[in-house]
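Pasted below: query_26.txt, compact mmCIF, C-alpha atoms.
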# COMPACT_ATOMS: atom_id res chain seq x y z
CA MET A 259 0.71 -28.04 -6.43
CA ARG A 260 3.64 -28.05 -8.85
CA GLY A 261 1.76 -25.81 -11.30
CA ALA A 262 1.08 -23.27 -8.56
CA ALA A 263 4.75 -23.23 -7.60
CA LEU A 264 5.77 -22.70 -11.22
CA ARG A 265 3.25 -19.88 -11.62
CA SER A 266 4.55 -18.25 -8.44
CA ALA A 267 8.14 -18.56 -9.62
CA ALA A 268 7.24 -17.11 -13.02
CA PHE A 269 5.34 -14.25 -11.38
CA ALA A 270 8.31 -13.53 -9.10
CA THR A 271 10.71 -13.53 -12.05
CA VAL A 272 8.56 -11.11 -14.04
CA LEU A 273 8.02 -8.88 -11.02
CA LEU A 274 11.67 -8.78 -10.06
CA ALA A 275 12.66 -8.04 -13.64
CA ALA A 276 10.15 -5.17 -13.74
CA LEU A 277 11.22 -3.55 -10.46
CA PRO A 278 14.43 -1.99 -11.82
CA ALA A 279 12.51 -0.67 -14.82
CA ALA A 280 9.83 0.76 -12.54
CA ALA A 281 12.48 2.38 -10.40
CA MET A 282 13.95 4.09 -13.46
CA ASP A 283 10.50 5.49 -14.32
CA THR A 284 9.69 6.48 -10.76
CA ALA A 285 9.43 10.19 -10.13
CA PRO A 286 11.92 11.63 -7.66
CA SER A 287 10.60 12.29 -4.19
CA THR A 288 11.03 15.57 -2.36
CA ASP A 289 12.15 15.85 1.24
CA LEU A 290 9.51 14.83 3.72
CA PRO A 291 8.56 17.39 6.38
CA ASP A 292 7.74 16.47 9.97
CA LEU A 293 4.46 14.58 9.88
CA SER A 294 4.24 13.86 13.62
CA GLN A 295 1.10 15.99 14.17
CA SER A 296 -0.62 14.34 11.22
CA ARG A 297 0.36 10.88 12.43
CA ALA A 298 -0.87 11.71 15.94
CA ALA A 299 -4.24 12.76 14.50
CA ILE A 300 -4.42 9.50 12.54
CA TYR A 301 -3.51 7.41 15.60
CA ALA A 302 -6.24 9.26 17.53
CA GLY A 303 -8.76 8.45 14.79
CA ASP A 304 -9.16 12.14 13.87
CA TYR A 305 -8.88 11.58 10.13
CA GLU A 306 -10.44 14.92 9.16
CA ARG A 307 -7.81 16.80 11.17
CA ALA A 308 -5.08 14.64 9.66
CA LEU A 309 -6.30 15.50 6.17
CA ALA A 310 -6.47 19.19 7.07
CA LEU A 311 -2.79 18.99 8.03
CA LEU A 312 -1.70 16.78 5.14
CA MET A 313 -3.51 18.16 2.10
CA PRO A 314 -1.75 21.56 2.01
CA LEU A 315 1.57 19.71 1.83
CA THR A 316 0.63 18.20 -1.54
CA ALA A 317 1.31 21.58 -3.17
CA THR A 318 5.05 21.27 -2.48
CA VAL A 319 5.82 17.75 -1.26
CA ARG A 320 6.04 14.68 -3.49
CA HIS A 321 6.57 11.63 -1.30
CA ALA A 322 5.04 8.16 -0.94
CA ASP A 323 4.72 8.48 2.85
CA LEU A 324 2.62 11.65 2.53
CA TYR A 325 0.34 10.10 -0.08
CA ASN A 326 0.00 6.90 1.93
CA LEU A 327 -1.17 8.84 5.00
CA ILE A 328 -3.69 10.80 2.93
CA ALA A 329 -5.00 7.56 1.43
CA PHE A 330 -5.16 5.89 4.85
CA ALA A 331 -7.21 8.76 6.31
CA ASN A 332 -9.58 8.77 3.33
CA ARG A 333 -10.01 4.99 3.49
CA ASN A 334 -10.93 5.19 7.15
CA LEU A 335 -13.48 7.90 6.29
CA LYS A 336 -14.87 5.47 3.67
CA ARG A 337 -13.90 7.83 0.85
CA TYR A 338 -12.74 4.91 -1.22
CA ASP A 339 -12.29 6.69 -4.55
CA GLU A 340 -10.07 9.33 -2.94
CA ALA A 341 -8.14 6.67 -1.05
CA ALA A 342 -7.55 4.73 -4.27
CA ARG A 343 -6.22 7.86 -5.96
CA TRP A 344 -3.72 8.57 -3.19
CA TYR A 345 -2.53 4.95 -2.87
CA LYS A 346 -1.86 5.06 -6.60
CA GLU A 347 0.22 8.23 -6.08
CA ALA A 348 2.15 6.65 -3.22
CA LEU A 349 2.98 3.62 -5.34
CA PHE A 350 3.97 5.83 -8.27
CA TYR A 351 6.64 7.45 -6.12
CA ASP A 352 7.66 4.18 -4.47
CA PRO A 353 6.37 0.97 -6.13
CA ALA A 354 7.80 -1.11 -3.27
CA HIS A 355 6.19 0.95 -0.46
CA ARG A 356 5.02 -1.92 1.74
CA PRO A 357 2.62 0.09 3.96
CA ALA A 358 0.89 1.53 0.87
CA LEU A 359 0.61 -1.95 -0.64
CA GLU A 360 -0.83 -3.32 2.59
CA TYR A 361 -3.35 -0.52 3.08
CA GLN A 362 -4.29 -0.53 -0.60
CA GLY A 363 -4.97 -4.25 -0.11
CA GLU A 364 -7.25 -3.37 2.79
CA LEU A 365 -9.02 -0.87 0.52
CA PHE A 366 -9.53 -3.64 -2.04
CA ILE A 367 -11.05 -5.80 0.71
CA ALA A 368 -13.37 -2.96 1.75
CA ILE A 369 -14.69 -2.63 -1.81
CA GLY A 370 -14.89 -6.40 -2.32
CA ASP A 371 -12.03 -6.76 -4.80
CA PHE A 372 -10.39 -9.73 -3.10
CA LYS A 373 -8.32 -10.76 -6.13
CA LYS A 374 -6.50 -7.42 -6.12
CA ALA A 375 -6.00 -7.65 -2.35
CA GLU A 376 -4.48 -11.11 -2.80
CA LYS A 377 -2.20 -9.79 -5.57
CA ASN A 378 -0.98 -7.10 -3.18
CA LEU A 379 -0.29 -9.80 -0.61
CA GLU A 380 1.74 -11.76 -3.18
CA LEU A 381 3.77 -8.66 -4.00
CA ILE A 382 4.40 -7.90 -0.33
CA HIS A 383 5.56 -11.51 0.16
CA LEU A 384 8.07 -11.06 -2.65
CA LEU A 385 9.31 -7.78 -1.18
CA CYS A 386 9.66 -9.34 2.28
CA HIS A 387 11.19 -12.64 1.18
CA PRO A 388 12.54 -14.73 2.87
CA LYS A 389 11.77 -13.55 6.41
CA GLY A 390 8.30 -12.09 5.95
CA CYS A 391 7.12 -8.79 7.38
CA GLU A 392 4.41 -7.12 9.42
CA GLU A 393 2.62 -5.75 6.34
CA ALA A 394 2.17 -9.25 4.92
CA ASP A 395 0.88 -10.54 8.25
CA LYS A 396 -1.63 -7.70 8.59
CA LEU A 397 -2.98 -8.02 5.05
CA ARG A 398 -3.23 -11.81 5.36
CA ASP A 399 -5.14 -11.35 8.65
CA ALA A 400 -7.47 -8.81 7.01
CA LEU A 401 -8.17 -11.23 4.16
CA ARG A 402 -8.89 -14.03 6.63
CA ALA A 403 -11.20 -11.75 8.63
CA ALA A 404 -13.06 -11.10 5.36
CA GLY A 405 -13.58 -14.85 4.93
CA ARG A 406 -10.78 -15.41 2.44
CA ASN A 407 -8.08 -18.04 2.73
CA PRO A 408 -4.94 -16.54 1.18
CA ALA A 409 -2.32 -19.02 -0.02
CA SER A 410 0.25 -18.04 2.57

For this file, produce the structure as structure tokens.
Amino acid sequence: MRGAALRSAAFATVLLAALPAAAMDTAPSTDLPDLSQSRAAIYAGDYERALALLMPLTATVRHADLYNLIAFANRNLKRYDEAARWYKEALFYDPAHRPALEYQGELFIAIGDFKKAEKNLELIHLLCHPKGCEEADKLRDALRAAGRNPAS
């Protein structure tokens, strides 16, 4: 138990030390246009329509929220390679983007990479410390539904 706590503390220290460095290397985002129609299509389960609305924006918009929505739609269409690409873009523009980390974790579950999903959960826990957050709860629930027993 003590070893696990020490490993967690060491991981948190390394992660927190790296966040400012990552922020300095993070590309600047552009302004985000109104995505309400795209979000409505996603909420309705019309992922193809959402992508038709979102993809043209990638020519001029650089923003983690845009890339996260594109990844989410692709993941739900089971286009896992495309989803992985867009989650990576989202996290490039905002390494602490909790929704992208959660949904990327769900992608990892879908492809059977539980260790990476659990790493995302650890990172979300650190970002949401001490109160916790919805993204951590959802990813933990998804891991449990997949038969995993995440540490927290």

Spatial neighbours of Ala322 of chain A, max dist 6 Å, all atoms listed in the file, sep filter under 6 positions, as a PDB file with C-alpha atoms, in the coordinates of the input:
ATOM      1  CA  ALA A 348       2.150   6.650  -3.220  1.00  0.00           C
ATOM      2  CA  TYR A 351       6.640   7.450  -6.120  1.00  0.00           C
ATOM      3  CA  ASP A 352       7.660   4.180  -4.470  1.00  0.00           C
TER       4      ASP A 352
END

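Atom pair atom CA of Val319 of chain A / atom CA of Thr288 of chain A: separated by 5.8 Å.
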
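Of the residues under consideration (A:Glu393, A:Asp289, A:Glu347, A:Glu306), A:Glu393 shows the shortest atom-to-atom contact distance to Leu379 of chain A when counting all atoms listed in the file.
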
List every protein, DNA or RNA residue that has an atom no more than 8 Å from (-3.0, 13.5, 11.4) in the file's coordinate frame, counting all atoms listed in the file, and report them as number ranges by chain.
-> A: 293-301, 304-312

Let me see the file: selected residues, C-alpha atoms, as a PDB file, keeping the file's coordinate frame.
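out35.pdb written:
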ATOM      1  CA  LEU A 293       4.460  14.580   9.880  1.00  0.00           C
ATOM      2  CA  SER A 294       4.240  13.860  13.620  1.00  0.00           C
ATOM      3  CA  GLN A 295       1.100  15.990  14.170  1.00  0.00           C
ATOM      4  CA  SER A 296      -0.620  14.340  11.220  1.00  0.00           C
ATOM      5  CA  ARG A 297       0.360  10.880  12.430  1.00  0.00           C
ATOM      6  CA  ALA A 298      -0.870  11.710  15.940  1.00  0.00           C
ATOM      7  CA  ALA A 299      -4.240  12.760  14.500  1.00  0.00           C
ATOM      8  CA  ILE A 300      -4.420   9.500  12.540  1.00  0.00           C
ATOM      9  CA  TYR A 301      -3.510   7.410  15.600  1.00  0.00           C
ATOM     10  CA  ASP A 304      -9.160  12.140  13.870  1.00  0.00           C
ATOM     11  CA  TYR A 305      -8.880  11.580  10.130  1.00  0.00           C
ATOM     12  CA  GLU A 306     -10.440  14.920   9.160  1.00  0.00           C
ATOM     13  CA  ARG A 307      -7.810  16.800  11.170  1.00  0.00           C
ATOM     14  CA  ALA A 308      -5.080  14.640   9.660  1.00  0.00           C
ATOM     15  CA  LEU A 309      -6.300  15.500   6.170  1.00  0.00           C
ATOM     16  CA  ALA A 310      -6.470  19.190   7.070  1.00  0.00           C
ATOM     17  CA  LEU A 311      -2.790  18.990   8.030  1.00  0.00           C
ATOM     18  CA  LEU A 312      -1.700  16.780   5.140  1.00  0.00           C
TER      19      LEU A 312
END

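Here atom CA of Pro408 of chain A is placed at a distance of 24.1 Å from atom CA of Ala329 of chain A.
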
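Distance check against Leu384 of chain A using only C-alpha atoms: of A:Arg356, A:Gly370, A:Gly405, A:Gln362, the minimum falls on A:Arg356.
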
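Among the candidates A:Ala375, A:Leu359, A:Leu349, A:Ala331, the one nearest to Asn407 of chain A when counting all atoms listed in the file is A:Ala375.
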
Residues within 12 Å of Ile382 of chain A, all atoms listed in the file, excluding chain neighbours under 5 positions, as a ChimeraX atom specification | /A:270,273,353-363,375-377,387-398,410
